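Step one of this worksheet: look at the structure below.
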Amino acid sequence: MVCIGIKDETISFLIGGEAGQGIMRSGSLLGRALMRGGLHIFGVNDYPSLIRGGHNFYILRASEREVYSQGDGVDLLIALNDESIELHINDLYPGGGVIYDEEGKLDPRELRGDVKTYPTPLTGIVKEIGGPRVVRNTAALGVALSLIGFNPETMRGVIRDTFKGREGIIEMNIKALDRGYEYAERNFEGLGCRVETSKSRDERIMVTGNEAIALGAIGAGCRFYAAYPMTPATPILHYLAAHDEEAGMVVVQPESEIAAINMVIGAAYAGVRAMTATSGGGFCLMTEALGLAAMTETPIVVVINQRPGPSTGMATYTSQGDLLFTIHASQGEFPRVVVAPGDVDECFYLTMEAFNLAERFQIPVIILADKYLAESHRSTRPFDPSRVGIDRGELLTEWSGDEEYRRYRLTESGISPRIIPGIEGATMLANTNEHDEYGFATTNPEMVKAMMDKRFRKLKALRREIERLNPVRVYGSEEAEATIVGWGSTKGPALEALRMLEGEGIKARFIQVVYLEPFPAERVEELLSGDEPKLLVEMNKTGQLGSLIKLHTGVTLEHRLLRYDGRPVNPGQICNAIRGVMR
């Protein structure tokens with residue numbers, strides 16, 4: 001296979017247009033075709049909170065090597081309207097190309113003279129085949145495949161699979177694809193890079209972070225899911241609702257986020273694994289119930305997909321602004337786990353781990369992601385649930401009756417025996433108030449202190465377990481001249497930056513803090529003990545991971561790259577910042 005981009009060993013596409021023009025669908029179709037052709041892909045979408053209108057775009061990057069994020073520019077712009085040309089013409093690398101409808105009013109050559117132009121009768125093609133206007137995007141994909149020398153048969157197969165059972169739509173899109181491909185073959189020279197289908201390909205899937213979390217919940221044996229729709233967590237609800245019967249899961253959309261988390265607590269109390277998902281605003285409503293789960297020691301899993309705030313903020317953009325809020329959410333003090341996946345594989349496997357931790361230690365576990373990770377596509381190997389397994393902890397299915405059951409029995413580990421309600425010989429009480437070992441409300445000072453101490457005794461074993469789960473992960477050179485520190489979805493751009501720096505002869509490494517509560521202080525302090533320059537990378541205004549590191553280790557990370565405009569960090573921004581701190 002040959003895959004040579006204009007700038008490097010990857011090739012990047014940007015598809016732009018209005019909401020309703022099928023921008024994300026076009027990007028995912030192209031991504032699946034290139035993946036089936038043997039390439040690794042990464043795709044990210046950008047869109048306002050509008051059903052129609054507004055500017056949408058999708059960036060797809062592909063290569064023979066692993067691709068971890070978008071790049072800093074694109075090779076080919078597929079512009080479905082004039083606005084896309086105006087907004088993205090400067091994103092093209094010199095020598096890049098623009099596919100656009102010849103019926104448009106704007107000529108890209110008027111804006112840049114160092115790019116190639118491919119005016120195509122997209123509207124005319126659609127009229128010729130009698131299709132709706134939205135099919136112009138498929139015709140444009142045909143042009144793109146011709147320009148990079150990619151066999152269109154692979155895309156035909158993707159279209160057949162995507163629209164299976166809708167023969168009219170399949171026929172219309174294949175006609176549009178072929179017309180676009182044929183027009184480009186007759187009228188245009190190639191883009192200057194070529195992508196050929198590999199004869200031997202590893203099995204791969206293309207998933208978003210949301211889909212990976214949903215699959216992780218299924219793999220972990222989650223049997224109840226309740227959520228109120230809130231961008232960017234809603235796709236988890238959609239995915240699980242579409243697969244509830246085959247997964248053996250009850251999926252519910254209640255009237256509010258408050259109802260959702262309370263239903264999840266009720267299901268978990270009844271003995272089934274249960275989960276909810278929301279964004280920062282929805283989690284605000286859930287915080288009192290989070291304390292209920294803690295007081296009743298009911299194991300639940302909560303997914304938070306962050307977006308910019310405060311208030312509604314920007315509902316369809318990305319942020320890492322809820323870290324400290326998540327760690328301290330709800331009234332009072334209680335143990336919890338906060339874990340932040342950095343890619344789709346971690347979304348799957350950390351979700352499975354989250355259910356195990358919740359049940360073993362009878363605590364709430366929060367999976368903290370963001371819109372960028374939740375909605376981006378990435379190719380990867382099929383997930384293997386057996387890598388994690390299922391551990392339900394001290395869940396009892398029978399009671400001997402030799403002694404009276406105490407749900408909150410004071411134990412050395414802090415973990416009390418938990419039964420499924422209704423088991424003969426055991427009466428189980430749940431109480432929102434502080435309680436004694438049986439579950440009866442109490443204000444006795446000695447018992448109140450004993451119960452608080454009991455719950456916090458779990459931390460000793462919990463910390464040991466998290467150490468086993470590799471809470472801090474390191475990538476790059478062992479003899480680093482510079483260190484990047486980050487969490488969550490900054491992982492992808494950081495890994496791309498490491499490759500770029502390596503190409504410049506700069507040895508760097510990336511420290512990814514995965515488990516943020518309980519905080520792995522000793523490991524972080526050890527990794528930050530060197531004297532090389534260190535750069536903190538986050539998508540928030542105040543450097544919240546930096547605050548945690550300072551709190552737990554005393555180490556101050558003075559050099560910071562903080563992006564908080566709703567967009568993800570680009571690899572080039574990290575490289576520029578590293579060059580700056582090294583100077």
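Just so we're on the same page: first chain in the structure tokens is A, next is B, and so on; residues restart at 1 for each chain, and ligands are numbered from 1 in the order they show up.
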DSSP says strand (DSSP E) for which residues of stretch 276-345 of chain A? Put them as a PyMOL selection string?
chain A and resi 276-278+300-306+337-339
If you count only C-alpha atoms, which residues fall within 9 Å of A:Ile466, apart from same-chain ones fewer than 6 positions away, as a list in words?
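In the requested format, the answer is Leu357, Tyr515, Pro518 and Pro520 of chain A.
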Save the residues we just selected, all heavy atoms, as a compact mmCIF listing (two decimals), in the first residue's frame?
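result_17.txt, written as the output of this step:
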# COMPACT_ATOMS: atom_id res chain seq x y z
N LEU A 357 -14.75 -1.74 40.13
CA LEU A 357 -14.37 -0.91 41.28
C LEU A 357 -15.61 -0.49 42.07
O LEU A 357 -15.61 -0.48 43.30
CB LEU A 357 -13.60 0.31 40.81
CG LEU A 357 -12.19 0.04 40.26
CD1 LEU A 357 -11.62 1.30 39.62
CD2 LEU A 357 -11.26 -0.46 41.36
N TYR A 515 -6.19 7.83 36.44
CA TYR A 515 -7.04 7.84 37.63
C TYR A 515 -6.75 9.11 38.42
O TYR A 515 -5.63 9.33 38.88
CB TYR A 515 -6.79 6.59 38.48
CG TYR A 515 -7.51 5.38 37.96
CD1 TYR A 515 -6.93 4.55 37.00
CD2 TYR A 515 -8.80 5.06 38.39
CE1 TYR A 515 -7.60 3.44 36.50
CE2 TYR A 515 -9.48 3.96 37.89
CZ TYR A 515 -8.87 3.16 36.95
OH TYR A 515 -9.56 2.06 36.45
N PRO A 518 -9.00 8.22 43.66
CA PRO A 518 -7.93 8.79 44.49
C PRO A 518 -6.70 9.13 43.62
O PRO A 518 -6.37 8.37 42.68
CB PRO A 518 -7.60 7.67 45.47
CG PRO A 518 -8.81 6.77 45.46
CD PRO A 518 -9.36 6.86 44.07
N PRO A 520 -3.01 9.41 42.28
CA PRO A 520 -1.79 8.60 42.42
C PRO A 520 -0.57 9.48 42.68
O PRO A 520 0.34 9.60 41.85
CB PRO A 520 -1.70 7.88 41.07
CG PRO A 520 -2.36 8.82 40.11
CD PRO A 520 -3.45 9.50 40.87
Distance query A:Gly530 at most 12 Å, only C-alpha atoms, self and fewer than 5 positions along chain excluded, as a ChimeraX atom specification
/A:478-483,524-525,555
Would you put the residues from that selection into a file with C-alpha atoms, as a PDB file, in the first residue's frame?
ATOM      1  CA  GLU A 478      12.935   7.280  28.597  1.00  0.00           C
ATOM      2  CA  GLU A 479      15.685   9.906  28.259  1.00  0.00           C
ATOM      3  CA  ALA A 480      13.333  12.807  27.674  1.00  0.00           C
ATOM      4  CA  GLU A 481      14.594  16.318  27.051  1.00  0.00           C
ATOM      5  CA  ALA A 482      11.055  17.597  27.695  1.00  0.00           C
ATOM      6  CA  THR A 483       7.892  16.220  29.312  1.00  0.00           C
ATOM      7  CA  VAL A 524       3.168  11.393  39.720  1.00  0.00           C
ATOM      8  CA  GLU A 525       5.757  12.906  42.050  1.00  0.00           C
ATOM      9  CA  VAL A 555       5.130  20.276  42.362  1.00  0.00           C
TER      10      VAL A 555
END
Expressed in Å to a single decimal, how great is the separation between atom CA of A:Gly149 and atom CA of A:Cys193?
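Atom CA of A:Gly149 sits 8.1 Å away from atom CA of A:Cys193.
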List as a PyMOL selection string the protein and nucleic acid residues near stretch 157-174 of chain A, meaning an atom at most 7 Å away when only C-alpha atoms are counted, but skip any in the same chain fewer than 3 places from it.
chain A and resi 29+32-33+131+135+138+153-154+177-178
Quick one: contact table of stretch 115-220 of chain A to stretch 369-374 of chain A, 8 Å max, nearest atom pair and distance in Å to one decimal per residue, counting only C-alpha atoms, chain and number order, as a tab-separated table?
residue	atom	partner	partner_atom	distance
A:Thr208	CA	A:Ala374	CA	6.0
A:Gly209	CA	A:Ala374	CA	4.1
A:Asn210	CA	A:Ala374	CA	4.7
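Separating atom CA of A:Leu545 from atom CA of A:Ser49 is a distance of 28.6 Å.
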At a cut-off of 6 Å, using only C-alpha atoms, what residues contact stretch 223-235 of chain A? Leave out same-chain residues fewer than 3 positions from it and give the result as JSON, numbers by chain.
{"A": [238, 239, 249, 250, 251, 252, 253, 256, 257, 260, 273, 274, 275, 276, 277, 278, 305, 371]}
What does the file look like for those residues with N, CA and C atoms, as a PDB file, in the first residue's frame?
ATOM      1  N   HIS A 238     -28.676   6.453  22.803  1.00  0.00           N
ATOM      2  CA  HIS A 238     -29.150   5.976  21.500  1.00  0.00           C
ATOM      3  C   HIS A 238     -28.593   4.587  21.191  1.00  0.00           C
ATOM      4  N   TYR A 239     -27.310   4.404  21.435  1.00  0.00           N
ATOM      5  CA  TYR A 239     -26.674   3.124  21.112  1.00  0.00           C
ATOM      6  C   TYR A 239     -27.253   2.001  21.965  1.00  0.00           C
ATOM      7  N   MET A 249     -30.487  -5.733  28.412  1.00  0.00           N
ATOM      8  CA  MET A 249     -30.444  -4.529  29.224  1.00  0.00           C
ATOM      9  C   MET A 249     -31.779  -3.777  29.169  1.00  0.00           C
ATOM     10  N   VAL A 250     -32.171  -3.196  30.298  1.00  0.00           N
ATOM     11  CA  VAL A 250     -33.308  -2.284  30.334  1.00  0.00           C
ATOM     12  C   VAL A 250     -32.759  -0.868  30.155  1.00  0.00           C
ATOM     13  N   VAL A 251     -33.254  -0.155  29.139  1.00  0.00           N
ATOM     14  CA  VAL A 251     -32.797   1.204  28.849  1.00  0.00           C
ATOM     15  C   VAL A 251     -33.987   2.139  28.960  1.00  0.00           C
ATOM     16  N   VAL A 252     -33.833   3.195  29.770  1.00  0.00           N
ATOM     17  CA  VAL A 252     -34.948   4.090  30.081  1.00  0.00           C
ATOM     18  C   VAL A 252     -34.519   5.543  29.874  1.00  0.00           C
ATOM     19  N   GLN A 253     -35.400   6.340  29.246  1.00  0.00           N
ATOM     20  CA  GLN A 253     -35.215   7.792  29.228  1.00  0.00           C
ATOM     21  C   GLN A 253     -36.264   8.403  30.152  1.00  0.00           C
ATOM     22  N   SER A 256     -35.906  13.514  33.749  1.00  0.00           N
ATOM     23  CA  SER A 256     -34.852  14.449  34.128  1.00  0.00           C
ATOM     24  C   SER A 256     -33.597  13.684  34.530  1.00  0.00           C
ATOM     25  N   GLU A 257     -32.507  14.426  34.670  1.00  0.00           N
ATOM     26  CA  GLU A 257     -31.263  13.818  35.149  1.00  0.00           C
ATOM     27  C   GLU A 257     -31.394  13.348  36.591  1.00  0.00           C
ATOM     28  N   ALA A 260     -33.013  10.087  36.479  1.00  0.00           N
ATOM     29  CA  ALA A 260     -32.122   9.074  35.893  1.00  0.00           C
ATOM     30  C   ALA A 260     -31.186   8.489  36.943  1.00  0.00           C
ATOM     31  N   ARG A 273     -26.071  -4.325  37.828  1.00  0.00           N
ATOM     32  CA  ARG A 273     -25.132  -3.273  37.453  1.00  0.00           C
ATOM     33  C   ARG A 273     -25.874  -2.198  36.667  1.00  0.00           C
ATOM     34  N   ALA A 274     -25.630  -0.925  37.037  1.00  0.00           N
ATOM     35  CA  ALA A 274     -26.419   0.161  36.463  1.00  0.00           C
ATOM     36  C   ALA A 274     -25.543   1.378  36.197  1.00  0.00           C
ATOM     37  N   MET A 275     -25.932   2.153  35.174  1.00  0.00           N
ATOM     38  CA  MET A 275     -25.122   3.293  34.751  1.00  0.00           C
ATOM     39  C   MET A 275     -26.009   4.401  34.224  1.00  0.00           C
ATOM     40  N   THR A 276     -25.515   5.641  34.324  1.00  0.00           N
ATOM     41  CA  THR A 276     -26.139   6.788  33.665  1.00  0.00           C
ATOM     42  C   THR A 276     -25.038   7.612  33.024  1.00  0.00           C
ATOM     43  N   ALA A 277     -25.419   8.525  32.119  1.00  0.00           N
ATOM     44  CA  ALA A 277     -24.444   9.407  31.481  1.00  0.00           C
ATOM     45  C   ALA A 277     -25.076  10.767  31.244  1.00  0.00           C
ATOM     46  N   THR A 278     -24.250  11.802  31.322  1.00  0.00           N
ATOM     47  CA  THR A 278     -24.740  13.167  31.164  1.00  0.00           C
ATOM     48  C   THR A 278     -23.562  14.067  30.832  1.00  0.00           C
ATOM     49  N   ASN A 305     -19.589  13.525  30.071  1.00  0.00           N
ATOM     50  CA  ASN A 305     -18.931  14.009  28.859  1.00  0.00           C
ATOM     51  C   ASN A 305     -18.918  15.529  28.907  1.00  0.00           C
ATOM     52  N   LYS A 371     -16.435  16.022  24.935  1.00  0.00           N
ATOM     53  CA  LYS A 371     -17.058  15.931  23.617  1.00  0.00           C
ATOM     54  C   LYS A 371     -16.072  15.465  22.560  1.00  0.00           C
TER      55      LYS A 371
END
Tell me, in Å to one decimal, how far atom CA of A:Leu77 is from atom CA of A:Ser63.
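According to the coordinates, atom CA of A:Leu77 and atom CA of A:Ser63 are separated by 17.3 Å.
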Proximity to A:Glu404 - best of A:Leu516, A:Met452, A:Ile420, A:Tyr438, only C-alpha atoms:
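Among the listed residues, A:Tyr438 lies closest to A:Glu404.
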Contacts of A:Pro421 at 10 Å or less, counting only C-alpha atoms, minus same-chain residues fewer than 4 places along, as a list in words?
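The neighbour list is Tyr269, Ala270, Gly271, Thr397, Ala426, Thr427, Met428 and Leu429 of chain A.
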